[in-house]
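upload_34.cif (mmCIF, C-alpha atoms and all ligand atoms) appears below.
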```cif
data_data
#
loop_
_atom_site.label_atom_id
_atom_site.label_comp_id
_atom_site.auth_asym_id
_atom_site.auth_seq_id
_atom_site.Cartn_x
_atom_site.Cartn_y
_atom_site.Cartn_z
CA MET A 8 121.39 87.56 103.93
CA LYS A 9 124.23 88.67 106.17
CA GLN A 10 126.88 90.17 103.90
CA ASN A 11 129.01 91.23 106.83
CA ASP A 12 130.07 87.61 107.03
CA LEU A 13 132.77 86.51 104.66
CA ARG A 14 130.56 84.19 102.61
CA ALA A 15 132.88 81.79 100.84
CA ASP A 16 129.98 80.33 98.88
CA LEU A 17 128.98 83.52 97.01
CA SER A 18 130.49 84.92 93.80
CA LEU A 19 129.67 87.82 91.50
CA VAL A 20 129.35 87.10 87.79
CA LEU A 21 129.00 89.71 85.07
CA VAL A 22 127.70 88.57 81.70
CA LYS A 23 129.69 91.11 79.71
CA PRO A 24 128.58 93.38 76.83
CA ASP A 25 129.96 91.04 74.14
CA ALA A 26 127.91 88.14 75.52
CA ILE A 27 124.70 90.18 75.49
CA GLN A 28 125.41 91.46 71.98
CA ARG A 29 126.16 87.94 70.70
CA GLY A 30 123.05 86.42 72.28
CA LEU A 31 125.10 84.20 74.60
CA ALA A 32 123.63 85.28 77.94
CA GLY A 33 121.35 82.23 78.20
CA GLU A 34 124.15 79.83 77.27
CA ILE A 35 126.51 81.31 79.87
CA ILE A 36 123.96 81.43 82.68
CA SER A 37 122.77 77.94 81.78
CA ARG A 38 126.27 76.44 82.08
CA LEU A 39 126.58 77.85 85.60
CA GLU A 40 123.06 76.82 86.61
CA ARG A 41 123.51 73.26 85.31
CA LYS A 42 126.59 72.89 87.49
CA GLY A 43 124.26 73.25 90.47
CA LEU A 44 125.04 76.86 91.37
CA LYS A 45 122.04 78.82 92.64
CA ILE A 46 121.10 82.30 91.41
CA VAL A 47 120.46 84.44 94.49
CA ALA A 48 120.47 87.89 92.81
CA MET A 49 120.29 89.09 89.21
CA LYS A 50 119.83 92.37 87.34
CA MET A 51 120.43 93.82 83.89
CA LEU A 52 122.06 97.24 83.79
CA GLN A 53 124.42 99.41 81.82
CA MET A 54 127.45 100.18 83.98
CA ASP A 55 128.56 103.82 84.15
CA LYS A 56 132.22 104.87 84.26
CA ASN A 57 132.17 105.35 88.01
CA LEU A 58 130.90 101.83 88.71
CA ALA A 59 133.30 100.36 86.15
CA GLN A 60 136.30 102.15 87.68
CA ARG A 61 135.34 100.93 91.15
CA HIS A 62 134.69 97.37 89.99
CA TYR A 63 138.05 97.20 88.19
CA ALA A 64 139.98 99.37 90.70
CA VAL A 65 142.71 96.71 91.11
CA HIS A 66 143.60 97.26 87.45
CA GLU A 67 143.66 101.07 87.50
CA ASP A 68 147.41 101.26 86.92
CA LYS A 69 147.38 98.87 83.97
CA ALA A 70 147.74 100.05 80.40
CA PHE A 71 144.50 98.30 79.42
CA PHE A 72 142.40 99.99 82.16
CA GLY A 73 140.89 102.70 79.93
CA GLY A 74 139.95 100.21 77.23
CA LEU A 75 138.50 97.84 79.83
CA VAL A 76 136.28 100.58 81.30
CA ASP A 77 135.17 101.64 77.80
CA PHE A 78 134.32 98.03 76.94
CA ILE A 79 132.40 97.14 80.10
CA THR A 80 130.31 100.35 79.84
CA SER A 81 129.68 100.01 76.08
CA SER A 82 126.42 98.03 76.28
CA PRO A 83 124.20 96.45 78.95
CA ILE A 84 125.41 93.61 81.14
CA ILE A 85 123.76 91.12 83.48
CA ALA A 86 125.06 91.03 87.06
CA ILE A 87 124.41 87.80 88.96
CA VAL A 88 125.23 86.52 92.42
CA PHE A 89 125.69 82.76 92.45
CA GLN A 90 125.75 80.67 95.59
CA GLY A 91 127.22 77.21 95.89
CA LYS A 92 130.00 75.15 97.38
CA GLU A 93 133.31 76.85 96.53
CA ALA A 94 131.43 79.08 94.09
CA VAL A 95 134.39 81.43 93.45
CA GLU A 96 136.77 78.66 92.42
CA VAL A 97 134.15 76.59 90.61
CA ILE A 98 133.06 79.58 88.51
CA ARG A 99 136.68 80.48 87.67
CA GLN A 100 137.13 76.91 86.39
CA ILE A 101 133.98 77.03 84.29
CA MET A 102 134.96 80.47 82.88
CA GLY A 103 138.43 79.35 81.78
CA GLU A 104 141.60 81.41 81.58
CA THR A 105 141.43 85.18 81.10
CA ASP A 106 142.76 84.94 77.53
CA PRO A 107 140.20 82.94 75.52
CA ALA A 108 142.88 81.87 73.05
CA LYS A 109 144.53 79.98 75.91
CA ALA A 110 141.38 78.87 77.75
CA LYS A 111 140.70 75.15 77.62
CA PRO A 112 137.92 73.64 75.53
CA GLY A 113 134.93 72.92 77.74
CA THR A 114 135.19 76.29 79.44
CA ILE A 115 133.00 79.27 78.55
CA ARG A 116 135.91 81.33 77.25
CA GLY A 117 137.57 78.31 75.65
CA ASP A 118 134.47 77.33 73.72
CA LEU A 119 132.89 80.68 72.90
CA ALA A 120 135.51 83.45 72.67
CA LEU A 121 138.80 84.26 70.96
CA ASP A 122 140.08 87.61 72.16
CA LEU A 123 141.27 88.94 75.53
CA GLY A 124 139.25 92.11 75.11
CA CYS A 125 135.97 90.24 74.58
CA ASN A 126 136.04 87.33 77.01
CA LEU A 127 132.32 87.20 77.79
CA ILE A 128 132.27 86.82 81.56
CA HIS A 129 133.60 88.22 84.82
CA GLY A 130 133.82 86.10 87.96
CA SER A 131 135.19 87.15 91.34
CA ASP A 132 138.69 85.87 92.10
CA SER A 133 138.39 85.49 95.90
CA ALA A 134 135.66 85.33 98.52
CA GLU A 135 136.76 88.70 99.87
CA ASN A 136 136.59 90.36 96.44
CA ALA A 137 133.25 88.65 95.82
CA ARG A 138 131.81 90.33 98.90
CA LYS A 139 133.13 93.76 97.81
CA GLU A 140 131.93 93.31 94.22
CA ILE A 141 128.47 92.10 95.29
CA ASP A 142 128.11 95.23 97.41
CA LEU A 143 128.84 97.40 94.35
CA PHE A 144 125.94 95.92 92.41
CA PHE A 145 123.35 94.82 94.97
CA SER A 146 121.82 96.04 98.19
CA GLN A 147 121.64 93.50 100.99
CA ASP A 148 117.92 92.87 100.51
CA GLU A 149 118.40 92.13 96.80
CA VAL A 150 120.49 89.04 97.63
CA LEU A 151 117.88 86.40 98.38
CA GLU A 152 118.05 83.46 100.69
CA TYR A 153 115.90 80.51 99.68
CA ARG A 154 115.93 76.74 99.41
CA ARG A 155 115.48 74.75 96.24
CA ASP A 156 113.85 71.34 96.41
CA ILE A 157 116.69 69.96 94.26
CA ASP A 158 119.39 71.05 96.72
CA LYS A 159 119.22 67.69 98.51
CA TRP A 160 120.20 66.02 95.20
CA LEU A 161 123.29 68.21 94.84
CA GLY A 162 124.86 66.99 98.07
P1 LIG B 201 139.72 87.92 84.76
O1 LIG B 201 138.58 88.59 84.04
O2 LIG B 201 140.00 86.55 84.22
O3 LIG B 201 139.58 87.95 86.27
P2 LIG B 201 141.69 90.04 85.12
O4 LIG B 201 141.01 90.37 86.40
O5 LIG B 201 143.18 89.82 85.15
O6 LIG B 201 141.04 88.76 84.42
O7 LIG B 201 141.42 91.20 84.08
C1 LIG B 201 140.16 91.80 83.98
C2 LIG B 201 139.80 91.95 82.54
O8 LIG B 201 140.70 92.86 81.91
C3 LIG B 201 139.92 90.66 81.73
O9 LIG B 201 138.75 89.89 81.78
C4 LIG B 201 140.21 91.16 80.34
C5 LIG B 201 140.98 92.44 80.56
N1 LIG B 201 142.43 92.22 80.46
C6 LIG B 201 143.21 91.54 81.34
N2 LIG B 201 144.50 91.54 80.94
C7 LIG B 201 144.52 92.26 79.80
C8 LIG B 201 145.55 92.63 78.90
N3 LIG B 201 146.84 92.28 79.10
N4 LIG B 201 145.20 93.36 77.81
C9 LIG B 201 143.93 93.73 77.60
N5 LIG B 201 142.92 93.43 78.41
C10 LIG B 201 143.20 92.69 79.49
MG MG B 202 139.62 89.48 87.63
#
```

Please render this file's structure as structure tokens.
Amino acid sequence: MKQNDLRADLSLVLVKPDAIQRGLAGEIISRLERKGLKIVAMKMLQMDKNLAQRHYAVHEDKAFFGGLVDFITSSPIIAIVFQGKEAVEVIRQIMGETDPAKAKPGTIRGDLALDLGCNLIHGSDSAENARKEIDLFFSQDEVLEYRRDIDKWLG
């Protein structure tokens, strides 16, 4: 897959340490899959500090940065690249607001989490950031291009 292109239909999701620890990985991935989004890359890993600092570089000046890096490196995560129409925006909607206490019912954070520090899922916030984030976690040949027979039923 050509990642030099700005692919508006790709987004990076991280199923965060709290989701793995709580046994919610399947539930979270399932909600995104059932929407029609296609998994094109996936791996389980434990992030090290260096990767965490690069992934969350936009937040490096924030007071919560240290705690965020400690949290995201505290236990394994699952990194996934989803492909689909307007995947970035669609995934942000399904995730719900950053603070689970404010996230709407029906969203992952709204239904399954309570606290800002443990909000279960990361999703890219723009196509440009998606491309950068995907490159942190996956080599080009790990992002697969394939057709699903059901795609014609998703429009
Ligand atoms: P999102 O994960 O919805 O994209 P973000 O990029 O603003 O939110 O922040 C990244 C993560 O940092 C977020 O998922 C939880 C944590 N975080 C954000 N704001 C915080 C705050 N004020 N205090 C503590 N943690 C915070
Ligand atoms: Mg963010």

What lies within 10 Å of segment 26-41 of chain A using all atoms listed in the file, ignoring chain neighbours under 5 positions off, as an MDAnalysis selection string? chainID A and resid 20:21 46 82:85 87 89 94 97:98 101:102 114:116 119:120 125:128

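Taking all atoms listed in the file into account, Asp156 of chain A lies nearest to A:Lys45 out of the set A:Lys111, A:Pro24, A:Lys45, A:Leu75.
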
For ligand MG 202 (chain B), which residue out of A:Leu52, A:Leu19, A:Leu58, A:Val88 is the nearest one, using all atoms listed in the file? A:Leu19

Counting only C-alpha atoms, which residue out of A:Leu123, A:Met54, A:Leu44, A:Val95 sits closest to Ala137 of chain A?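 Selected residue with least distance to Ala137 of chain A: A:Val95.
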
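Ranking A:Glu93, A:Asp142, A:Asp158, A:Asp77 by their shortest atom-to-atom distance to ligand LIG 201 (chain B), with only C-alpha atoms and all ligand atoms included, puts A:Asp77 first.
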
Show me which residues sit within 9 Å of ligand LIG 201 (chain B) when counting all atoms listed in the file, and put them as number ranges by chain. A: 63, 65-66, 69-72, 74-76, 99, 102-106, 122-132

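Closest approach to ligand MG 202 (chain B) from the set A:Asp25, A:Ser18, A:Gly73, A:Lys50 is made by A:Ser18, with distances taken over only C-alpha atoms and all ligand atoms.
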
Return the single residue from A:Ala110, A:Asp68, A:Ser133, A:Leu17 that is closest to ligand MG 202 (chain B), with distances computed using all atoms listed in the file.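 Among the listed residues, A:Ser133 lies closest to ligand MG 202 (chain B).
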
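Between atom CA of Asn136 of chain A and atom CA of Glu67 of chain A lies a distance of 15.6 Å.
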
Give, as lines of an AutoDock Vina configuration file, the centre coordinates and the x, y and z edge lengths in Å to one decimal for an axis-aligned box around all listed atoms of segment 63-80 of chain A, padded by 4 Å on each side.
```
center_x = 139.0
center_y = 99.7
center_z = 84.0
size_x = 25.4
size_y = 14.0
size_z = 22.2
```

Rounded to one decimal in Å, what is the spacing between atom CA of Arg138 of chain A and atom CA of Phe78 of chain A?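 Atom CA of Phe78 of chain A lies 23.4 Å from atom CA of Arg138 of chain A.
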
Between atom CA of Tyr153 of chain A and atom CA of Ala134 of chain A, distance in Å (one decimal):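 Distance between the two atoms: 20.4 Å.
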
Mind completing segment 96-119 of chain A with N, CA, C and O atoms? Output as a compact mmCIF listing (two decimals), in the frame of the given file, please?
```
# COMPACT_ATOMS: atom_id res chain seq x y z
N GLU A 96 135.83 79.51 93.14
CA GLU A 96 136.77 78.66 92.42
C GLU A 96 136.07 77.88 91.30
O GLU A 96 136.60 77.76 90.18
N VAL A 97 134.89 77.37 91.60
CA VAL A 97 134.15 76.59 90.61
C VAL A 97 133.83 77.46 89.39
O VAL A 97 133.99 77.04 88.24
N ILE A 98 133.40 78.69 89.63
CA ILE A 98 133.06 79.58 88.51
C ILE A 98 134.30 79.93 87.71
O ILE A 98 134.28 79.96 86.48
N ARG A 99 135.43 80.18 88.40
CA ARG A 99 136.68 80.48 87.67
C ARG A 99 137.04 79.31 86.75
O ARG A 99 137.51 79.50 85.63
N GLN A 100 136.83 78.09 87.22
CA GLN A 100 137.13 76.91 86.39
C GLN A 100 136.21 76.84 85.17
O GLN A 100 136.66 76.53 84.07
N ILE A 101 134.94 77.12 85.39
CA ILE A 101 133.98 77.03 84.29
C ILE A 101 134.20 78.17 83.28
O ILE A 101 133.99 77.99 82.08
N MET A 102 134.66 79.34 83.77
CA MET A 102 134.96 80.47 82.88
C MET A 102 136.14 80.17 81.96
O MET A 102 136.14 80.54 80.79
N GLY A 103 137.17 79.55 82.52
CA GLY A 103 138.43 79.35 81.78
C GLY A 103 139.36 80.54 81.95
O GLY A 103 139.00 81.56 82.55
N GLU A 104 140.56 80.37 81.42
CA GLU A 104 141.60 81.41 81.58
C GLU A 104 141.16 82.74 81.00
O GLU A 104 140.35 82.80 80.07
N THR A 105 141.77 83.82 81.51
CA THR A 105 141.43 85.18 81.10
C THR A 105 141.52 85.35 79.58
O THR A 105 140.65 85.97 78.97
N ASP A 106 142.59 84.81 78.98
CA ASP A 106 142.76 84.94 77.53
C ASP A 106 142.06 83.76 76.84
O ASP A 106 142.52 82.61 76.94
N PRO A 107 140.97 84.03 76.13
CA PRO A 107 140.20 82.94 75.52
C PRO A 107 141.01 82.08 74.56
O PRO A 107 140.69 80.90 74.36
N ALA A 108 142.05 82.66 73.97
CA ALA A 108 142.88 81.87 73.05
C ALA A 108 143.62 80.77 73.80
O ALA A 108 144.02 79.77 73.21
N LYS A 109 143.82 80.96 75.10
CA LYS A 109 144.53 79.98 75.91
C LYS A 109 143.58 79.14 76.78
O LYS A 109 144.00 78.14 77.36
N ALA A 110 142.34 79.56 76.88
CA ALA A 110 141.38 78.87 77.75
C ALA A 110 141.06 77.49 77.17
O ALA A 110 140.95 77.32 75.96
N LYS A 111 140.91 76.53 78.05
CA LYS A 111 140.70 75.15 77.62
C LYS A 111 139.31 74.94 77.02
O LYS A 111 138.33 75.53 77.48
N PRO A 112 139.24 74.05 76.03
CA PRO A 112 137.92 73.64 75.53
C PRO A 112 137.09 73.09 76.69
O PRO A 112 137.63 72.47 77.60
N GLY A 113 135.79 73.34 76.63
CA GLY A 113 134.93 72.92 77.74
C GLY A 113 134.63 74.06 78.68
O GLY A 113 133.68 73.99 79.46
N THR A 114 135.47 75.10 78.63
CA THR A 114 135.19 76.29 79.44
C THR A 114 134.41 77.30 78.59
O THR A 114 134.41 77.22 77.36
N ILE A 115 133.78 78.26 79.27
CA ILE A 115 133.00 79.27 78.55
C ILE A 115 133.90 80.06 77.59
O ILE A 115 133.60 80.21 76.41
N ARG A 116 135.01 80.54 78.10
CA ARG A 116 135.91 81.33 77.25
C ARG A 116 136.59 80.45 76.20
O ARG A 116 136.81 80.87 75.06
N GLY A 117 136.91 79.22 76.58
CA GLY A 117 137.57 78.31 75.65
C GLY A 117 136.68 77.89 74.50
O GLY A 117 137.14 77.69 73.38
N ASP A 118 135.41 77.79 74.76
CA ASP A 118 134.47 77.33 73.72
C ASP A 118 133.89 78.48 72.90
O ASP A 118 133.52 78.27 71.74
N LEU A 119 133.75 79.66 73.51
CA LEU A 119 132.89 80.68 72.90
C LEU A 119 133.57 82.00 72.57
O LEU A 119 132.92 82.90 72.04
```
